[in-house]
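Text of model_14.cif, listed as mmCIF, C-alpha atoms and all ligand atoms:
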```cif
data_input
#
loop_
_atom_site.label_atom_id
_atom_site.label_comp_id
_atom_site.auth_asym_id
_atom_site.auth_seq_id
_atom_site.Cartn_x
_atom_site.Cartn_y
_atom_site.Cartn_z
CA MET A 186 0.00 0.00 0.00
CA SER A 187 1.41 3.42 -0.84
CA GLN A 188 2.15 5.89 1.96
CA PRO A 189 0.18 9.16 1.98
CA ALA A 190 2.22 12.22 0.90
CA PRO A 191 3.90 13.83 3.94
CA ARG A 192 2.29 16.97 5.35
CA ALA A 193 4.03 19.49 7.60
CA PHE A 194 2.78 22.59 9.43
CA VAL A 195 3.85 25.89 10.89
CA ILE A 196 2.03 26.84 14.08
CA GLY A 197 2.02 30.20 15.82
CA TRP A 198 -0.26 32.89 17.16
CA PRO A 199 -0.66 35.00 15.13
CA ILE A 200 0.50 33.09 12.04
CA ALA A 201 -1.08 34.94 9.09
CA HIS A 202 2.18 36.62 8.02
CA SER A 203 4.43 33.55 8.14
CA ARG A 204 6.53 33.15 4.99
CA SER A 205 7.35 29.50 5.78
CA PRO A 206 4.57 28.05 3.55
CA LEU A 207 5.96 30.03 0.60
CA ILE A 208 9.46 28.63 1.23
CA HIS A 209 8.52 24.96 1.74
CA THR A 210 5.94 24.92 -1.05
CA TYR A 211 8.58 26.34 -3.43
CA TRP A 212 10.99 23.51 -2.51
CA LEU A 213 8.30 20.81 -2.85
CA LYS A 214 7.50 22.06 -6.34
CA GLN A 215 11.13 22.64 -7.39
CA LEU A 216 12.12 19.13 -6.26
CA GLY A 217 8.99 17.51 -7.71
CA LEU A 218 8.00 16.00 -4.37
CA ALA A 219 4.51 15.05 -3.25
CA GLY A 220 3.69 16.73 0.05
CA ALA A 221 2.16 19.78 1.65
CA TYR A 222 3.10 22.50 4.16
CA GLU A 223 0.26 24.26 5.95
CA LYS A 224 -0.11 27.33 8.16
CA ILE A 225 -2.19 26.67 11.30
CA ALA A 226 -3.16 29.25 13.92
CA VAL A 227 -2.84 27.66 17.36
CA VAL A 228 -3.71 29.69 20.46
CA PRO A 229 -1.46 29.17 23.51
CA GLU A 230 -4.23 27.23 25.33
CA GLY A 231 -4.53 24.88 22.35
CA LEU A 232 -0.82 24.06 21.96
CA ALA A 233 -0.62 20.96 24.19
CA LEU A 234 -3.57 19.34 22.44
CA PHE A 235 -2.27 20.14 18.97
CA LEU A 236 1.18 18.71 19.76
CA ALA A 237 -0.38 15.52 21.12
CA ASP A 238 -2.72 15.17 18.15
CA PHE A 239 -0.79 16.19 15.03
CA PRO A 240 0.30 12.68 13.99
CA GLN A 241 -3.37 11.56 14.03
CA LEU A 242 -4.21 14.62 11.93
CA GLY A 243 -1.81 13.28 9.29
CA PHE A 244 1.20 15.53 9.89
CA VAL A 245 4.81 14.27 10.01
CA GLY A 246 5.94 17.37 11.91
CA GLY A 247 6.36 21.08 11.46
CA ASN A 248 7.68 24.43 12.53
CA VAL A 249 6.88 26.30 15.71
CA THR A 250 7.00 30.05 15.89
CA LEU A 251 6.13 32.76 18.42
CA PRO A 252 4.87 32.46 21.11
CA HIS A 253 5.15 28.65 21.28
CA LYS A 254 8.89 27.88 21.04
CA GLU A 255 9.48 27.45 24.79
CA ALA A 256 6.19 25.65 25.56
CA ALA A 257 6.77 23.23 22.66
CA PHE A 258 10.28 22.52 23.99
CA ALA A 259 8.76 21.65 27.38
CA GLN A 260 6.43 19.13 25.73
CA CYS A 261 9.14 17.32 23.72
CA ALA A 262 10.27 13.87 24.89
CA GLN A 263 13.57 14.26 23.03
CA THR A 264 15.48 17.35 21.92
CA THR A 265 18.79 18.11 20.24
CA PRO A 266 21.66 19.55 22.34
CA VAL A 267 21.19 22.96 20.74
CA ALA A 268 17.46 23.02 21.61
CA GLU A 269 18.40 21.90 25.12
CA ALA A 270 20.84 24.80 25.46
CA LEU A 271 18.23 27.32 24.30
CA GLN A 272 15.22 25.68 26.01
CA ALA A 273 13.28 26.43 22.82
CA VAL A 274 12.40 24.53 19.62
CA ASN A 275 11.31 25.67 16.16
CA THR A 276 11.23 22.27 14.39
CA LEU A 277 9.22 19.19 15.43
CA TRP A 278 8.83 15.58 14.31
CA THR A 279 8.04 12.23 15.92
CA GLU A 280 10.13 9.11 16.45
CA GLY A 281 8.50 5.95 17.74
CA GLY A 282 5.47 7.99 18.74
CA LYS A 283 7.61 10.45 20.76
CA LEU A 284 7.64 14.19 20.14
CA CYS A 285 11.12 15.38 19.13
CA GLY A 286 12.41 18.94 18.69
CA ASP A 287 15.34 20.89 17.29
CA ASN A 288 16.25 24.56 17.12
CA THR A 289 17.46 25.36 13.61
CA ASP A 290 17.82 29.13 14.17
CA VAL A 291 21.42 28.50 15.22
CA ALA A 292 22.33 26.51 12.08
CA GLY A 293 20.32 28.97 9.95
CA PHE A 294 22.23 31.98 11.22
CA LEU A 295 25.59 30.28 10.71
CA ALA A 296 24.75 28.98 7.21
CA CYS A 297 23.60 32.44 6.18
CA LEU A 298 26.72 34.10 7.55
CA ASP A 299 28.90 31.48 5.83
CA ALA A 300 27.12 32.15 2.54
CA ASN A 301 27.45 35.94 2.80
CA ALA A 302 30.86 36.27 4.43
CA TRP A 303 32.77 33.04 3.88
CA GLY A 304 35.64 32.65 6.36
CA TRP A 305 34.23 35.21 8.83
CA GLY A 306 34.81 32.84 11.74
CA GLU A 307 38.60 32.59 11.32
CA ALA A 308 38.95 36.36 11.58
CA CYS A 309 36.40 36.84 14.36
CA GLU A 310 38.05 37.64 17.69
CA LYS A 311 35.16 39.68 19.02
CA ALA A 312 31.42 39.83 18.23
CA VAL A 313 28.99 42.50 19.44
CA VAL A 314 25.36 41.37 19.75
CA LEU A 315 22.59 43.97 20.06
CA GLY A 316 19.63 42.64 22.08
CA ALA A 317 19.07 39.85 24.57
CA GLY A 318 15.71 38.29 23.59
CA GLY A 319 14.93 34.87 22.11
CA ALA A 320 16.73 35.58 18.84
CA ALA A 321 19.83 36.81 20.68
CA ARG A 322 19.99 33.49 22.56
CA ALA A 323 20.23 31.58 19.28
CA ILE A 324 22.87 33.98 17.92
CA VAL A 325 25.02 33.74 21.05
CA ALA A 326 24.79 29.92 21.01
CA ALA A 327 25.81 30.00 17.34
CA LEU A 328 28.84 32.21 18.04
CA ILE A 329 29.93 29.99 20.93
CA SER A 330 29.60 26.88 18.72
CA ARG A 331 32.03 28.47 16.23
CA GLY A 332 34.51 29.34 18.99
CA VAL A 333 34.26 33.15 18.80
CA PRO A 334 36.66 34.07 21.62
CA GLU A 335 34.91 37.21 22.93
CA ILE A 336 31.24 38.27 22.85
CA THR A 337 29.76 41.55 24.08
CA ILE A 338 26.00 41.86 24.58
CA VAL A 339 24.51 45.34 24.32
CA ASN A 340 21.00 45.53 25.69
CA ARG A 341 18.56 48.13 26.98
CA SER A 342 17.46 46.03 29.96
CA GLU A 343 20.40 44.99 32.12
CA ALA A 344 18.47 42.16 33.77
CA ARG A 345 17.73 40.51 30.42
CA GLY A 346 21.33 41.01 29.36
CA GLU A 347 22.51 39.26 32.54
CA GLU A 348 20.21 36.32 31.77
CA LEU A 349 21.82 35.94 28.36
CA VAL A 350 25.32 36.09 29.88
CA ALA A 351 24.25 33.34 32.31
CA LEU A 352 22.94 31.20 29.42
CA ALA A 353 26.24 31.59 27.56
CA LYS A 354 28.14 30.53 30.69
CA ARG A 355 25.93 27.44 30.98
CA ILE A 356 26.81 26.48 27.40
CA ASP A 357 30.53 27.12 27.94
CA PRO A 358 31.75 28.23 31.37
CA ALA A 359 35.04 29.40 29.80
CA GLN A 360 33.32 31.71 27.25
CA LYS A 361 34.49 35.33 27.50
CA ILE A 362 31.23 37.32 27.46
CA ALA A 363 30.45 40.81 28.77
CA LEU A 364 27.43 43.06 29.05
CA SER A 365 27.52 46.66 27.85
CA ASP A 366 25.07 49.46 27.05
CA TYR A 367 24.17 51.59 24.06
CA ALA A 368 26.09 54.58 25.48
CA SER A 369 29.34 52.55 25.22
CA LEU A 370 28.54 50.95 21.88
CA HIS A 371 30.95 53.09 19.85
CA HIS A 372 33.87 51.92 22.06
CA GLU A 373 32.81 48.30 21.63
CA LEU A 374 32.56 48.64 17.84
CA ALA A 375 36.18 49.77 17.49
CA LYS A 376 37.35 46.23 18.19
CA ALA A 377 34.40 44.27 16.77
CA ASP A 378 34.89 41.86 13.87
CA LEU A 379 31.18 41.04 13.75
CA LEU A 380 28.10 43.10 14.68
CA VAL A 381 24.68 41.40 14.86
CA ASN A 382 21.36 43.15 15.44
CA THR A 383 18.86 40.82 17.13
CA THR A 384 16.50 43.55 18.34
CA SER A 385 13.27 44.59 16.66
CA LEU A 386 14.72 48.07 16.08
CA GLY A 387 14.81 48.99 12.40
CA MET A 388 11.85 46.73 11.64
CA GLN A 389 8.86 48.22 9.81
CA ASN A 390 6.62 50.10 12.30
CA GLN A 391 9.32 49.94 15.02
CA PRO A 392 11.73 52.67 16.17
CA PRO A 393 14.90 53.01 14.07
CA LEU A 394 18.19 51.43 15.13
CA ILE A 395 20.68 54.26 15.37
CA VAL A 396 24.24 52.95 15.25
CA ASP A 397 27.24 54.76 13.84
CA LEU A 398 29.34 52.16 12.03
CA ALA A 399 32.28 54.54 11.47
CA ARG A 400 34.32 52.94 14.28
CA LEU A 401 33.98 49.37 12.96
CA PRO A 402 37.21 47.97 11.47
CA SER A 403 37.18 47.81 7.65
CA HIS A 404 37.09 43.97 7.63
CA ALA A 405 34.06 43.76 9.96
CA VAL A 406 30.88 41.86 9.03
CA VAL A 407 27.39 43.18 9.89
CA ALA A 408 24.33 40.93 10.24
CA ASP A 409 20.71 41.84 10.92
CA ILE A 410 17.94 39.40 11.76
CA VAL A 411 15.27 41.93 10.73
CA TYR A 412 13.91 41.18 7.23
CA VAL A 413 11.04 43.65 6.88
CA PRO A 414 12.35 45.83 5.30
CA LEU A 415 14.64 43.47 3.39
CA GLU A 416 17.56 45.86 3.53
CA THR A 417 17.55 47.60 6.92
CA ASP A 418 19.26 50.94 7.46
CA LEU A 419 21.95 49.02 9.37
CA LEU A 420 22.71 46.79 6.37
CA LYS A 421 22.59 49.76 4.01
CA ALA A 422 25.09 51.64 6.16
CA ALA A 423 27.34 48.56 6.29
CA ARG A 424 27.32 48.15 2.50
CA ALA A 425 27.90 51.89 2.05
CA ARG A 426 31.09 51.47 4.11
CA GLY A 427 32.13 48.49 1.98
CA LEU A 428 31.53 45.99 4.79
CA LYS A 429 30.11 42.51 4.22
CA ALA A 430 26.43 42.31 5.21
CA SER A 431 24.24 39.32 6.05
CA SER A 432 20.47 39.70 5.76
CA GLY A 433 17.65 38.56 8.02
CA LEU A 434 15.81 36.99 5.09
CA GLY A 435 18.83 34.78 4.40
CA MET A 436 18.68 33.48 7.97
CA LEU A 437 14.95 32.75 7.61
CA LEU A 438 15.58 30.74 4.43
CA TYR A 439 18.53 28.76 5.82
CA GLN A 440 16.77 27.89 9.10
CA ALA A 441 14.07 26.16 7.02
CA VAL A 442 16.51 23.72 5.36
CA PRO A 443 16.91 21.09 8.15
CA GLY A 444 13.15 20.83 8.79
CA PHE A 445 12.35 20.31 5.11
CA GLU A 446 15.00 17.58 4.87
CA ARG A 447 13.61 15.82 7.95
CA TRP A 448 9.96 15.84 6.82
CA PHE A 449 10.34 15.37 3.07
CA GLY A 450 13.62 13.44 2.85
CA VAL A 451 15.63 15.69 0.52
CA ARG A 452 18.02 18.50 1.51
CA PRO A 453 16.80 21.61 -0.35
CA GLU A 454 18.90 24.54 -1.53
CA VAL A 455 18.64 28.22 -0.80
CA THR A 456 18.76 29.71 -4.28
CA PRO A 457 18.67 33.32 -5.55
CA GLU A 458 15.28 32.42 -7.12
CA LEU A 459 13.86 31.47 -3.69
CA TYR A 460 15.29 34.65 -2.16
CA GLU A 461 13.60 36.73 -4.88
CA LEU A 462 10.28 34.89 -4.45
CA VAL A 463 10.10 35.65 -0.73
CA ALA A 464 11.56 39.14 -1.21
CA ARG A 465 8.75 39.95 -3.68
CA ASP A 466 6.19 38.79 -1.11
CA ILE A 467 7.77 40.98 1.59
CA ARG A 468 7.75 43.96 -0.79
CA GLY A 469 4.05 43.26 -1.40
CA GLU A 470 4.64 42.57 -5.09
CA THR A 471 2.86 39.20 -5.27
P1 LIG B 501 12.86 38.04 20.14
O1 LIG B 501 12.44 36.86 20.98
O2 LIG B 501 12.32 38.01 18.75
O3 LIG B 501 14.33 38.28 20.18
P2 LIG B 501 12.16 39.84 22.26
O4 LIG B 501 12.36 38.73 23.22
O5 LIG B 501 10.95 40.66 22.43
O6 LIG B 501 12.12 39.30 20.77
O7 LIG B 501 13.47 40.74 22.25
C1 LIG B 501 13.55 41.91 21.58
C2 LIG B 501 14.90 42.59 21.86
O8 LIG B 501 14.82 43.89 21.27
C3 LIG B 501 15.23 42.78 23.32
O9 LIG B 501 16.61 42.66 23.53
C4 LIG B 501 14.76 44.20 23.58
O10 LIG B 501 15.47 44.84 24.61
P3 LIG B 501 15.01 44.67 26.17
O11 LIG B 501 15.52 43.34 26.61
O12 LIG B 501 15.66 45.80 26.86
O13 LIG B 501 13.50 44.75 26.16
C5 LIG B 501 15.13 44.85 22.26
N1 LIG B 501 14.34 46.08 22.05
C6 LIG B 501 13.05 46.16 21.67
N2 LIG B 501 12.69 47.47 21.58
C7 LIG B 501 13.78 48.20 21.93
C8 LIG B 501 14.06 49.60 22.04
N3 LIG B 501 13.12 50.54 21.77
N4 LIG B 501 15.31 49.98 22.41
C9 LIG B 501 16.26 49.07 22.68
N5 LIG B 501 16.06 47.73 22.61
C10 LIG B 501 14.84 47.30 22.24
#
```
Translate the structure of the given file into structure tokens.
Amino acid sequence: MSQPAPRAFVIGWPIAHSRSPLIHTYWLKQLGLAGAYEKIAVVPEGLALFLADFPQLGFVGGNVTLPHKEAAFAQCAQTTPVAEALQAVNTLWTEGGKLCGDNTDVAGFLACLDANAWGWGEACEKAVVLGAGGAARAIVAALISRGVPEITIVNRSEARGEELVALAKRIDPAQKIALSDYASLHHELAKADLLVNTTSLGMQNQPPLIVDLARLPSHAVVADIVYVPLETDLLKAARARGLKASSGLGMLLYQAVPGFERWFGVRPEVTPELYELVARDIRGET
């Protein structure tokens, strides 16, 4: 008897603006695979039931987005070491009837940076990370995994910054990591090889991110996780200075790769055509 075509989901609340269906549906079509990827709105009170029921609903697994990443982690029977470190998952599947979870934001960020600034890691003695929320946790874990010797967190709330420093120390007690503030940012940038914005500043309908990149060394790399707009003022300023820049949309595309491979059995590629497809959607051109 033939198996039904695999179906995967993305769950979140709200979920209307998720670009994940566009990405996975493109890959299914490009690779000529039978399968489906569906957007499902799940309210926080409905999460436990959905996670228990999705195999019976015919799903092989799926993505988890805000605000469910931590609650879904708590419900997993098995998680990868990276999900364990972050206490959050964005990718789910089942094995032997057990709920399993991974966090592919870390691999997505690194793959994107590798694609945009190949070799960045060898030259990176110090990284400055703006923000200390959920996205910053993934970025810091990624930098530690690549052995970046020194990390400085710059955050508005000191308490949240301290929590991120503590998380980094749990991952690697020997990691050199410090907390700073926006008033001292220009000093920090003078020695930074990599600057990453993980805050919502610079996003459409959010306050601007005001950072003077003049002090950054000329070999520095600048990454932004914001992808609406596609090219933030931070990335524009970096390119204007001739620095390498890594976009938030790239990270979104690369974080989708491991999930697709797990559910549909083929490792897909992030192509310029896919980037343009999603970019057109973000620009409202589709
Ligand atoms: P995510 O999980 O997507 O990272 P988040 O947890 O809400 O989102 O974190 C957003 C980050 O943007 C935080 O570091 C936040 O700083 P605080 O920890 O001080 O709240 C930062 N952020 C948001 N608005 C900001 C603003 N106006 N100025 C400075 N930082 C801001």
- Query: Any idea what the distance is between atom CA of A:Ala425 and atom CA of A:Asp409?
  - Reply: 15.2 Å
- Task: Throw together the list of residues within 6 Å of ligand LIG 501 (chain B), counting all atoms listed in the file, and drop it here as JSON, numbers by chain.
- Result: {"A": [316, 317, 318, 319, 320, 321, 340, 341, 342, 345, 384, 385, 386]}
Keeping only C-alpha atoms, write the selected residues to a file as a short mmCIF file (atom, residue, chain, number, x, y, z; two decimals), keeping the file's coordinate frame.
```cif
data_model
loop_
_atom_site.label_atom_id
_atom_site.label_comp_id
_atom_site.auth_asym_id
_atom_site.auth_seq_id
_atom_site.Cartn_x
_atom_site.Cartn_y
_atom_site.Cartn_z
CA GLY A 316 19.63 42.64 22.08
CA ALA A 317 19.07 39.85 24.57
CA GLY A 318 15.71 38.29 23.59
CA GLY A 319 14.93 34.87 22.11
CA ALA A 320 16.73 35.58 18.84
CA ALA A 321 19.83 36.81 20.68
CA ASN A 340 21.00 45.53 25.69
CA ARG A 341 18.56 48.13 26.98
CA SER A 342 17.46 46.03 29.96
CA ARG A 345 17.73 40.51 30.42
CA THR A 384 16.50 43.55 18.34
CA SER A 385 13.27 44.59 16.66
CA LEU A 386 14.72 48.07 16.08
#
```
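Closest approach to A:Leu420 among A:Ala201, A:Leu232, A:Leu398, A:Ala300: A:Leu398, based on all atoms listed in the file.
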- Task: Quick one: everything within 10 Å of A:Ala308, counting all atoms listed in the file, minus sequence neighbours fewer than 5 positions away in the same chain. Send it as an NGL selection string.
- Result: :A and (333 or 378-379 or 404-405)
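Atom pair atom CA of A:Asn390 / atom CA of A:Thr471: separated by 21.0 Å.
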- Message: Please determine, counting all atoms listed in the file, which residue among A:Gln440, A:Ser330, A:Thr417, A:Ser365 has the shortest atom-to-atom distance to A:Asp290.
- Response: A:Gln440
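The spacing separating atom CA of A:Asn301 from atom CA of A:Ser205 amounts to 21.3 Å.
Closest approach to A:Ala351 from the set A:Leu370, A:Ala221, A:Ile338, A:Leu236 is made by A:Ile338, with distances taken over all atoms listed in the file.
Considering all atoms listed in the file, the residue among A:Gly246, A:Gly282, A:Pro457, A:Gly306 positioned nearest to A:Val406 is A:Gly306.
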- Do a neighbour search on A:Val455 at 12 Å with all atoms listed in the file, toss out local chain neighbours closer than 6 positions, and write the hits as a list in words. Ile208, His209, Tyr211, Trp212, Gln215, Gly293, Ala296, Cys297, Ala300, Leu434, Gly435, Met436, Leu437, Leu438, Tyr439, Gln440, Ala441, Val442, Pro443, Phe445, Glu461, Leu462 and Val463 of chain A
- Task: Would you list the contacts of stretch 224-226 of chain A as a VMD selection string, taking every protein, DNA or RNA residue within 6 Å and counting only C-alpha atoms, but skipping same-chain residues closer than 2 positions in sequence?
- Result: chain A and resid 194 to 198 200
